[in-house]
Amino acid sequence: MAEDAKLIVDNKSFDYPVLSGSVGPEVVDIRKLYGQTGMFTYDPGFTSTASCESALTYIDGDEGVLLHRGYPIGQLAEHSNFMEVCYLLLNGELPSQLELGNFSYTISRHTMLHEQLMSFYKGFRRDAHPMAIMCGVVGALSAFYHDSTDIADPLHRRISSHRLIAKMPTIAAAAYKYALGQPFMYPDNSLSYTGNFMRMTFGVPAEPYEVHPVVEKALDRIFILHADHEQNASTSTVRLAGSSGANPFACIAAGIACLWGPAHGGANEAALNMLREIGTPERIPHYIERAKDKNDPFRLMGFGHRVYKNYDPRAAVMQKTVREVFAALKVTDPVFETALRLEELALSDPYFIEKKLFPNVDFYSGIILSAIGFPTTMFTALFALARTVGWVAQWNEMISDPHQKIGRPRQLYTGPAERDYVPLGQR
Ligand code: SDX
């Protein structure tokens with residue numbers, strides 16, 4: 001344990017405990033700072049702030065390390081599957097064969113939606129963005145599943161956690177079908193979690209659907225890569241919403257809304273659109289110059305990260321998966337060559353080197369999803385589908401903490417000091 005941190009204010013000295021985790025940076029416990037000094041800390045964007053204690057996911061941004069309950073993401077992507085990673089995140093340990101079987105069975109028994117929920121889709125325009133639909137339909141789950149919203153009851157928390165993980169593929173697939181004007185497909189629980197989603201998305205009632213095993217494995221791996229990521233913006237949104245005691249469905253709907261932003265989960269859609277706009281490798285230098293130009297709001301989408309100042313380990317797995325899917329589907333996409341060349345040029349450019357900007361999870365994912373057949377508008381919905389287990393696991397961790405309190409940050413006020421009202425006739 002390090003020595004206390006010392007703060008000197010107006011010649012008065014205050015000591016604050018330094019707390020250590022199992023790995024990673026220590027923290028200065030400033031919970032008593034305002035009471036003792038009358039001052040707040042100031043950290044918009046929370047670049048130096050630990051908002052909570054968590055045992056779920058550890059990221060070392062400098063080394064490009066990502067662990068889920070201690071297991072490196074590369075090993076999970078290589079050897080595990082999404083259902084197993086869901087169990088690991090929720091329960092803390094890898095499951096036995098029996099535990100995994102029981103968990104997968106439980107999840108499969110929650111994949112259907114209340115039939116009245118399906119009529120919600122008809123209220124949207126056919127060209128509604130799938131994320132708009134996901135926000136609406138997931139929030140509406142609170143109106144259907146009252147029997148599992150007592151967050152103080154661990155059993156209710158477990159049931160609503162399973163419902164959310166199980167129903168997201170059905171909800172996302174239905175959003176895609178609605179946009180196409182095709183009939184919704186009901187789940188087929190004889191398939192894997194990911195295979196079930198593929199059939200609900202690409203299958204039609206008029207003929208049998210065969211799950212392509214290589215694509216199923218690739219998509220399952222993409223879900224693993226998106227499962228959880230420490231206290232990112234959408235997870236922090238879920239935690240803040242949950243800290244008020246809001247029901248889990250409302251909290252996850254809040255997380256979906258936050259994930260939609262192009263600086264966060266919306267970047268996978270924006271990255272592929274950017275690569276398509278760039279088109280050929282010859283046009284890359286122009287876009288790199290734009291990304292470096294302070295007066296140009298353009299940024300390289302899928303590049304840079306608040307935490308990773310090294311290569312995002314998820315991006316490395318994604319790049320390998322592009323090649324696997326292209327080979328399995330016997331397709332190619334010139335955009336992949338453009339992406340590889342863009343990475344090569346950016347990573348050798350002093351601007352990106354100095355600012356430690358590397359490809360992140362969103363840089364290559366869209367190329368794979370497009371090759372599989374998803375429109376760009378579905379990319380963030382798939383991110384939300386996969387991240388639901390992380391949101392739910394983080395929410396459970398927070399709610400089950402006996403010391404958790406409602407999140408209520410303060411501010412640095414720069415508005416007018418108190419002044420008297422001026423009657424209209426005197427203005
Ligand atoms: C995700 O938090 C998570 O873990 C998120 C996520 C998860 O799994 O939950 O990993 C998923 O959201 C990945 C990130 C996806 N977003 C994008 O790809 C959008 C493009 N990237 C950027 O907008 C940016 O890099 C962020 C938002 C990701 C991070 O922004 P920060 O940490 O606030 O950093 P910053 O904006 O202050 O940038 C630092 C510097 C700035 O230059 P200066 O003002 O210091 O001169 O780097 C520059 C930025 O202008 N910069 C970029 C850039 N990203 C940062 N310049 C060009 N292109 C970029 N992509």
# chains A, B, ... in the order shown; residues from 1 in each chain; ligands from 1
$ residues_around --residues "A:Pro130" --least-positions-apart "5" --cutoff "10 Å" --atoms "only C-alpha atoms" --output "mmCIF file with N, CA and C atoms, in the first residue's frame"
data_model
loop_
_atom_site.group_PDB
_atom_site.id
_atom_site.type_symbol
_atom_site.label_atom_id
_atom_site.label_comp_id
_atom_site.auth_asym_id
_atom_site.auth_seq_id
_atom_site.Cartn_x
_atom_site.Cartn_y
_atom_site.Cartn_z
ATOM 1 N N PHE A 124 -42.693 2.428 -36.114
ATOM 2 C CA PHE A 124 -41.513 3.120 -36.669
ATOM 3 C C PHE A 124 -41.641 3.237 -38.189
ATOM 4 N N CYS A 135 -33.351 1.457 -29.072
ATOM 5 C CA CYS A 135 -33.587 2.299 -27.880
ATOM 6 C C CYS A 135 -35.039 2.151 -27.435
ATOM 7 N N GLY A 136 -35.952 2.218 -28.418
ATOM 8 C CA GLY A 136 -37.384 2.203 -28.100
ATOM 9 C C GLY A 136 -37.855 0.859 -27.597
ATOM 10 N N ILE A 171 -34.447 -8.848 -30.941
ATOM 11 C CA ILE A 171 -34.818 -7.439 -31.153
ATOM 12 C C ILE A 171 -34.029 -6.846 -32.325
ATOM 13 N N ALA A 172 -32.724 -7.127 -32.371
ATOM 14 C CA ALA A 172 -31.882 -6.567 -33.437
ATOM 15 C C ALA A 172 -32.263 -7.159 -34.792
ATOM 16 N N ALA A 173 -32.494 -8.459 -34.830
ATOM 17 C CA ALA A 173 -32.869 -9.112 -36.095
ATOM 18 C C ALA A 173 -34.207 -8.577 -36.593
ATOM 19 N N ALA A 174 -35.126 -8.341 -35.661
ATOM 20 C CA ALA A 174 -36.458 -7.831 -36.056
ATOM 21 C C ALA A 174 -36.333 -6.414 -36.618
ATOM 22 N N ALA A 175 -35.399 -5.628 -36.071
ATOM 23 C CA ALA A 175 -35.192 -4.271 -36.606
ATOM 24 C C ALA A 175 -34.721 -4.341 -38.048
ATOM 25 N N TYR A 176 -33.859 -5.314 -38.329
ATOM 26 C CA TYR A 176 -33.351 -5.488 -39.694
ATOM 27 C C TYR A 176 -34.472 -5.950 -40.620
ATOM 28 N N TYR A 178 -37.651 -5.532 -40.249
ATOM 29 C CA TYR A 178 -38.663 -4.483 -40.429
ATOM 30 C C TYR A 178 -38.213 -3.503 -41.509
ATOM 31 N N ALA A 179 -36.932 -3.197 -41.520
ATOM 32 C CA ALA A 179 -36.411 -2.255 -42.528
ATOM 33 C C ALA A 179 -36.549 -2.837 -43.940
ATOM 34 N N THR A 377 -25.995 0.334 -41.305
ATOM 35 C CA THR A 377 -26.873 0.832 -40.232
ATOM 36 C C THR A 377 -27.060 -0.210 -39.126
ATOM 37 N N MET A 378 -26.739 -1.477 -39.410
ATOM 38 C CA MET A 378 -26.900 -2.525 -38.398
ATOM 39 C C MET A 378 -25.645 -2.697 -37.536
ATOM 40 N N PHE A 379 -24.531 -2.068 -37.921
ATOM 41 C CA PHE A 379 -23.266 -2.355 -37.234
ATOM 42 C C PHE A 379 -23.343 -2.014 -35.745
ATOM 43 N N THR A 380 -23.872 -0.839 -35.411
ATOM 44 C CA THR A 380 -23.882 -0.444 -33.992
ATOM 45 C C THR A 380 -24.911 -1.261 -33.219
ATOM 46 N N ALA A 381 -25.958 -1.697 -33.917
ATOM 47 C CA ALA A 381 -26.955 -2.571 -33.262
ATOM 48 C C ALA A 381 -26.290 -3.890 -32.857
ATOM 49 N N LEU A 382 -25.346 -4.368 -33.680
ATOM 50 C CA LEU A 382 -24.620 -5.602 -33.347
ATOM 51 C C LEU A 382 -23.680 -5.354 -32.181
#
$ residues_around --residues "A:Ser104" --least-positions-apart "4" --cutoff "9 Å" --atoms "only C-alpha atoms" --output "list of chain:residue names"
A:Met83, A:Glu84, A:Tyr87, A:Glu99, A:Leu100, A:Ser108, A:Arg109, A:Ser192, A:Tyr193
$ closest_residue --among "A:Thr235, A:Thr201, A:Asn189, A:Gln319" --to "ligand 1" --atoms "only C-alpha atoms and all ligand atoms"
A:Thr235
$ residues_around --residues "A:Phe120" --least-positions-apart "5" --cutoff "10 Å" --atoms "only C-alpha atoms" --output "mmCIF file with N, CA and C atoms, in the first residue's frame"
data_model
loop_
_atom_site.group_PDB
_atom_site.id
_atom_site.type_symbol
_atom_site.label_atom_id
_atom_site.label_comp_id
_atom_site.auth_asym_id
_atom_site.auth_seq_id
_atom_site.Cartn_x
_atom_site.Cartn_y
_atom_site.Cartn_z
ATOM 1 N N GLU A 115 -45.451 -11.227 -27.715
ATOM 2 C CA GLU A 115 -45.983 -11.003 -29.071
ATOM 3 C C GLU A 115 -46.428 -9.554 -29.267
ATOM 4 N N ILE A 133 -34.707 2.102 -33.134
ATOM 5 C CA ILE A 133 -35.647 1.028 -32.791
ATOM 6 C C ILE A 133 -35.178 0.307 -31.526
ATOM 7 N N GLY A 136 -35.952 2.218 -28.418
ATOM 8 C CA GLY A 136 -37.384 2.203 -28.100
ATOM 9 C C GLY A 136 -37.855 0.859 -27.597
ATOM 10 N N VAL A 137 -37.482 -0.197 -28.296
ATOM 11 C CA VAL A 137 -38.006 -1.526 -27.950
ATOM 12 C C VAL A 137 -37.390 -2.034 -26.640
ATOM 13 N N ALA A 140 -38.943 -0.385 -23.816
ATOM 14 C CA ALA A 140 -40.321 -0.864 -23.650
ATOM 15 C C ALA A 140 -40.375 -2.221 -22.952
#
$ atom_distance --atom1 "atom CA of A:Val215" --atom2 "atom CA of A:Lys330"
11.8 Å
$ closest_residue --among "A:Gly101, A:Pro44, A:Pro213, A:Gly74" --to "ligand 1" --atoms "only C-alpha atoms and all ligand atoms"
A:Pro44
$ closest_residue --among "A:Glu3, A:Asp150, A:Glu397, A:Asp60" --to "ligand 1" --atoms "only C-alpha atoms and all ligand atoms"
A:Asp60
$ decode --residues "stretch 138-172 of chain A" --atoms "C-alpha atoms" --output "mmCIF file, in the first residue's frame"
data_model
loop_
_atom_site.group_PDB
_atom_site.id
_atom_site.type_symbol
_atom_site.label_atom_id
_atom_site.label_comp_id
_atom_site.auth_asym_id
_atom_site.auth_seq_id
_atom_site.Cartn_x
_atom_site.Cartn_y
_atom_site.Cartn_z
ATOM 1 C CA VAL A 138 -35.460 -2.274 -25.188
ATOM 2 C CA GLY A 139 -36.839 0.570 -23.082
ATOM 3 C CA ALA A 140 -40.321 -0.864 -23.650
ATOM 4 C CA LEU A 141 -39.266 -4.222 -22.173
ATOM 5 C CA SER A 142 -39.867 -2.563 -18.783
ATOM 6 C CA ALA A 143 -43.550 -2.466 -19.717
ATOM 7 C CA PHE A 144 -43.674 -6.224 -20.207
ATOM 8 C CA TYR A 145 -41.447 -7.811 -17.618
ATOM 9 C CA HIS A 146 -42.624 -6.374 -14.286
ATOM 10 C CA ASP A 147 -41.969 -9.760 -12.692
ATOM 11 C CA SER A 148 -38.193 -9.199 -12.761
ATOM 12 C CA THR A 149 -37.644 -5.512 -11.984
ATOM 13 C CA ASP A 150 -37.206 -5.690 -8.196
ATOM 14 C CA ILE A 151 -33.495 -4.871 -8.331
ATOM 15 C CA ALA A 152 -33.048 -5.665 -4.655
ATOM 16 C CA ASP A 153 -33.927 -9.301 -5.369
ATOM 17 C CA PRO A 154 -30.925 -11.263 -6.732
ATOM 18 C CA LEU A 155 -33.282 -13.667 -8.480
ATOM 19 C CA HIS A 156 -35.018 -10.802 -10.295
ATOM 20 C CA ARG A 157 -31.616 -9.395 -11.251
ATOM 21 C CA ARG A 158 -30.567 -12.765 -12.671
ATOM 22 C CA ILE A 159 -33.794 -13.269 -14.636
ATOM 23 C CA SER A 160 -33.738 -9.755 -16.136
ATOM 24 C CA SER A 161 -30.018 -10.211 -16.961
ATOM 25 C CA HIS A 162 -30.785 -13.448 -18.806
ATOM 26 C CA ARG A 163 -33.789 -11.880 -20.552
ATOM 27 C CA LEU A 164 -31.720 -8.961 -21.828
ATOM 28 C CA ILE A 165 -28.862 -11.135 -23.119
ATOM 29 C CA ALA A 166 -31.314 -13.565 -24.727
ATOM 30 C CA LYS A 167 -33.656 -11.044 -26.337
ATOM 31 C CA MET A 168 -31.186 -8.624 -27.897
ATOM 32 C CA PRO A 169 -30.550 -10.851 -30.960
ATOM 33 C CA THR A 170 -34.315 -11.206 -31.506
ATOM 34 C CA ILE A 171 -34.818 -7.439 -31.153
ATOM 35 C CA ALA A 172 -31.882 -6.567 -33.437
#
